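Enquirer: This is the structure I have questions about; it appears just below.
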Amino acid sequence: MIAYIIRRLLLLPLILFGVTILIFGMLELLGPEKLVSAYIRGPEAEKVAGATQKIIEKYGLDKPLPVKYERWLGNVLKGDLGWSLVGKQPVLSAILSRFPYTLELALWAIIPVVFVGIWLGIISAVHHNKFLDHFLRVFAIIGWSFPDFVFGLFMILIFYTQLGWFPPGYLSFDMERVVTSSQFVNYTKMVTIDSILNLRFDVFLDALRHLIAPVITLAYLWWAYILRITRSSMLEVLRKEYIRTARAKGLSEDVVINKHARRNALIPVATVSGQMIIALLAGTVIIESVFNRPGLGRFVAMAATQLDYMSIIGGALFYSILLVLGNLIVDVSYALIDPRIRLQ
Amino acid sequence: MESKQPLLKVNNLKTYFFTDDGVVKAVDGVNFEVYPGETLGIVGESGCGKSVTSLSILRLLDEKGKIVDGEIIFEGKDLVKLDENKMREIRGNDIAMIFQEPMVALNPVYTVGDQIMEAIILHQKVHKDEARKIAIDMLRKVGIPEPEKRVDEYPHELSGGMRQRAMIAMALSCHPKLLIADEPTTALDVTIQAQILELMKQLQKDLDMAIIMITHDLGVIAEISDRVAVMYAGKMVEYTDVKRLFKNPKHPYTWALLNAIPRLDIEQERLFSIPGVVPDALHFPSGCKFHTRCEFATEKCRNEEPGLIEIEDGHFVACWNIEKLEAAKDRVEVGENK
């Protein structure tokens, strides 16, 4: 197991090297003129306007590719991803300041989705073709056939416009003032966690009130997907001969399902859960827009519409790293579930 | 042997599958007994109901299969009527089962030892460490080298023969009184097959258990069985001891099966095969189920189903045309001598 993880970790630099080559290639396609913005720092930008040629010479943007790559990679490794026009700050700090919002929403959605989705998927498979199975399937079909923006708008219509329970946005005005005040320490920049650490439960409840609608929207869509995968995988496993062997030993149905069947059924679920976690961490543009929440997805979408190259490329690099790390976690969880994978 | 009380007595067992296309009468009125310490062979082509019979005994049928009639008396208890909890106490403990494909019958994500220990902990109510010792002992007993090491290995780390040995160790770990072996050697190489059969005979003697050997292979039957039930299309067609079955088969199906075994002692241009195919389980023919493929079939065979009749002490046959078969046997003998 440890050997497997080490082997997998040794591959990591290689994959990341490939990623940087691809992203550097994207940069190169822009041409030197557009790259100038990468090397201008904030207020400097106005001063040097019109001095593109000077900058190209100064930063060696017309040098051969390997030289440029080396210089670029050096900057990236120092955390310098260029200047974000949209964020009006360096790209890295623009990304890192928005990521906690996305991460917070993702964490609140992932936990119920994965656990409840798997649990209900197993129930559905065990009650195959009985009432409970049909009921859960209909509920899930609605979930994955609903476009998320439509579902999100319904949530706002019902729970905000009609009932006034769950407002969009991130925090109410008063609470936002509390959070930005000097007494409030931002440990993680995730307000639900920080508010508890600051013992401000009023802030926590307010943050929760703003989180419920987007979390339900995200959770329902993904939950339906996890349920479906778990159910079909479980149904397949329950037909396997080793399940009959387990029953022939006199094991109770509980042990047969929760020990012998479940672990085998989780292998495809791990793949899908990995995809889901990566997608949620990347920030969902639509959910963030519909519920008017700050976040990474919205930032990158804005950068794209305003042709803020460095933010787009910085975002791509950040997403790539998330993806590589996410896949690493999925691979390790495979090996934890299935001993056959450890030996490959 | 007849004077002893049977360990297992199956009376008029009927197991039907209720599918979307109709009712499949997979087992349709089967009777047999298994005495302590003996081996009963159940032989037949695929789809004849032999596996369903064995799964019915342990009540391991899938949701579509139901025992609709009959009794399965094991040590005085009717397993058909037993509640699920009592049934679980019997499974793996008094009656154990091994399956055809050792590749897929072991759970790939748990170690061999873990899977053996499970049954031991469950039925013998011992602690984990004790169960592990028993598991290692069992693995040694079934001839697995380095059992202390193998106990922590996963099924994919063992060869096919080793896996079947591990399956046998698992089945026998609680010293069952009856072992049901469903084609235990079919998926294995011929040399391994012989080893596994030898092992089973050895363990049967050591543990004094009865075996129901389910197979389509008459060679396996000859090797291991004391008595044999021949099944065709959900029915038993012949039921007798192994010597009489091979020497003097009385049912045309048994006779045809025996003729289909390639022989080394005579020159054969073509191997004999039974004409036609096993009938579709949804549309079994009327009368005798074998009449569509039987060279002796008459009008009576097409309309009336023959019952299993004891033609001599301990030899049961379900056929209308026993005399015709005898005449035919003579003809073949004469033919061979030419």
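Every chain in the structure tokens has a letter given in the order shown (A, B, ...), and although residue numbers restart at 1 in each chain, ligands are simply numbered from 1 in the order shown.
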Write out as an mmCIF file with C-alpha atoms, in the first residue's frame all residues of range 22-182 of chain B that backbone DSSP assigns to strand (DSSP E or B).
Expert:
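Written output follows (states_22.cif):
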```
data_model
loop_
_atom_site.group_PDB
_atom_site.id
_atom_site.type_symbol
_atom_site.label_atom_id
_atom_site.label_comp_id
_atom_site.auth_asym_id
_atom_site.auth_seq_id
_atom_site.Cartn_x
_atom_site.Cartn_y
_atom_site.Cartn_z
ATOM 1 C CA GLY B 22 -43.441 -17.221 -17.723
ATOM 2 C CA VAL B 23 -42.880 -19.869 -15.107
ATOM 3 C CA VAL B 24 -39.729 -21.957 -15.418
ATOM 4 C CA LYS B 25 -40.134 -25.304 -13.698
ATOM 5 C CA ALA B 26 -36.431 -25.698 -12.984
ATOM 6 C CA VAL B 27 -36.929 -28.499 -10.474
ATOM 7 C CA ASP B 28 -40.193 -30.367 -10.794
ATOM 8 C CA GLY B 29 -40.743 -33.093 -8.243
ATOM 9 C CA VAL B 30 -37.345 -34.422 -7.194
ATOM 10 C CA ASN B 31 -36.836 -37.095 -4.494
ATOM 11 C CA PHE B 32 -33.596 -38.350 -3.022
ATOM 12 C CA GLU B 33 -31.869 -39.167 0.243
ATOM 13 C CA VAL B 34 -28.334 -38.600 1.446
ATOM 14 C CA THR B 39 -21.553 -39.221 -1.552
ATOM 15 C CA LEU B 40 -24.568 -38.685 -3.754
ATOM 16 C CA GLY B 41 -23.831 -37.576 -7.275
ATOM 17 C CA ILE B 42 -26.346 -35.489 -9.174
ATOM 18 C CA VAL B 43 -25.557 -35.539 -12.866
ATOM 19 C CA GLY B 65 -36.946 -18.568 -7.605
ATOM 20 C CA LYS B 66 -39.402 -20.127 -5.166
ATOM 21 C CA ILE B 67 -39.785 -23.548 -3.621
ATOM 22 C CA VAL B 68 -43.449 -24.123 -4.450
ATOM 23 C CA ASP B 69 -43.858 -27.628 -3.073
ATOM 24 C CA GLY B 70 -42.097 -30.461 -1.300
ATOM 25 C CA GLU B 71 -39.995 -30.944 1.780
ATOM 26 C CA ILE B 72 -36.286 -30.926 2.499
ATOM 27 C CA ILE B 73 -35.837 -32.852 5.734
ATOM 28 C CA PHE B 74 -32.423 -32.352 7.322
ATOM 29 C CA LYS B 77 -36.231 -30.429 10.379
ATOM 30 C CA ASP B 78 -37.972 -29.301 7.195
ATOM 31 C CA ARG B 91 -25.754 -22.563 6.382
ATOM 32 C CA ILE B 95 -24.456 -27.705 5.493
ATOM 33 C CA ALA B 96 -21.685 -25.991 3.553
ATOM 34 C CA MET B 97 -21.346 -25.366 -0.134
ATOM 35 C CA ILE B 98 -18.568 -24.912 -2.660
ATOM 36 C CA LEU B 178 -23.159 -32.227 4.557
ATOM 37 C CA LEU B 179 -21.090 -30.589 1.853
ATOM 38 C CA ILE B 180 -22.763 -29.564 -1.370
ATOM 39 C CA ALA B 181 -20.200 -29.286 -4.147
ATOM 40 C CA ASP B 182 -21.560 -27.619 -7.271
#
```
Enquirer: Give me, as an MDAnalysis selection string, the residues of range 106-281 of chain A that a backbone DSSP run labels helix (DSSP H, G or I).
Expert: chainID A and resid 106:126 131:145 148:162 173:180 191:197 201:238 241:248 253:281
Enquirer: Can you tell me how far CA of Asp174 in chain A sits from CA of Val285 in chain A, in Å to one decimal?
Expert: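 Going from CA of Asp174 in chain A over to CA of Val285 in chain A covers 26.2 Å.
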Enquirer: Please find the residues of chain B near chain A - the criterion being any atom within 6 Å, counting only C-alpha atoms - and write them as a PyMOL selection string.
Expert: chain B and resi 88+91-92+104-107+109+119
Enquirer: Could you give me, as CSV, every range 233-267 of chain B residue with an atom at most 10 Å from range 213-227 of chain B, plus its closest atom pair and distance in Å to one decimal, counting only C-alpha atoms, rows ordered by chain then number?
Expert:
```
residue,atom,partner,partner_atom,distance
B:Tyr239,CA,B:Arg227,CA,7.5
B:Thr240,CA,B:Arg227,CA,5.7
B:Asp241,CA,B:Arg227,CA,3.9
B:Val242,CA,B:Arg227,CA,5.0
B:Lys243,CA,B:Asp226,CA,8.3
B:Arg244,CA,B:Arg227,CA,9.2
B:Leu245,CA,B:Arg227,CA,8.6
B:Phe246,CA,B:Ala222,CA,8.1
B:Leu257,CA,B:Leu218,CA,8.2
B:Leu258,CA,B:Leu218,CA,7.7
B:Ile261,CA,B:Leu218,CA,8.2
```
Enquirer: Using only C-alpha atoms, please write the residues we just selected to a file, as an mmCIF file, in the first residue's frame.
Expert:
```cif
data_model
loop_
_atom_site.group_PDB
_atom_site.id
_atom_site.type_symbol
_atom_site.label_atom_id
_atom_site.label_comp_id
_atom_site.auth_asym_id
_atom_site.auth_seq_id
_atom_site.Cartn_x
_atom_site.Cartn_y
_atom_site.Cartn_z
ATOM 1 C CA TYR B 239 -31.525 -43.041 -9.344
ATOM 2 C CA THR B 240 -29.311 -45.887 -8.207
ATOM 3 C CA ASP B 241 -25.885 -46.811 -6.903
ATOM 4 C CA VAL B 242 -22.874 -45.948 -8.989
ATOM 5 C CA LYS B 243 -21.938 -49.495 -10.001
ATOM 6 C CA ARG B 244 -25.357 -50.312 -11.393
ATOM 7 C CA LEU B 245 -25.562 -46.976 -13.162
ATOM 8 C CA PHE B 246 -22.385 -47.556 -15.116
ATOM 9 C CA LEU B 257 -24.768 -40.079 -21.693
ATOM 10 C CA LEU B 258 -22.561 -43.081 -21.030
ATOM 11 C CA ILE B 261 -17.971 -40.684 -23.166
#
```
Enquirer: Which value, in Å to one decimal, gives the distance between CA of Ile142 in chain A and CA of Asp206 in chain A?
Expert: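 Separation of CA of Ile142 in chain A and CA of Asp206 in chain A: 29.5 Å.
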Enquirer: A:Leu73, A:Pro268, A:His127, A:Asn327: which is nearest Leu11 in chain A, counting only C-alpha atoms?
Expert: A:Asn327
Enquirer: Using only C-alpha atoms for the distances, tell me which of A:Glu176, A:Ser181, A:Ala301, A:Met310 is nearest to Gln89 in chain A.
Expert: A:Met310
Enquirer: Determine the nearest neighbour of Val277 in chain B from the options B:Cys301, B:Cys48, B:Ile116, B:Leu7, counting only C-alpha atoms.
Expert: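 Selected residue with least distance to Val277 in chain B: B:Cys48.
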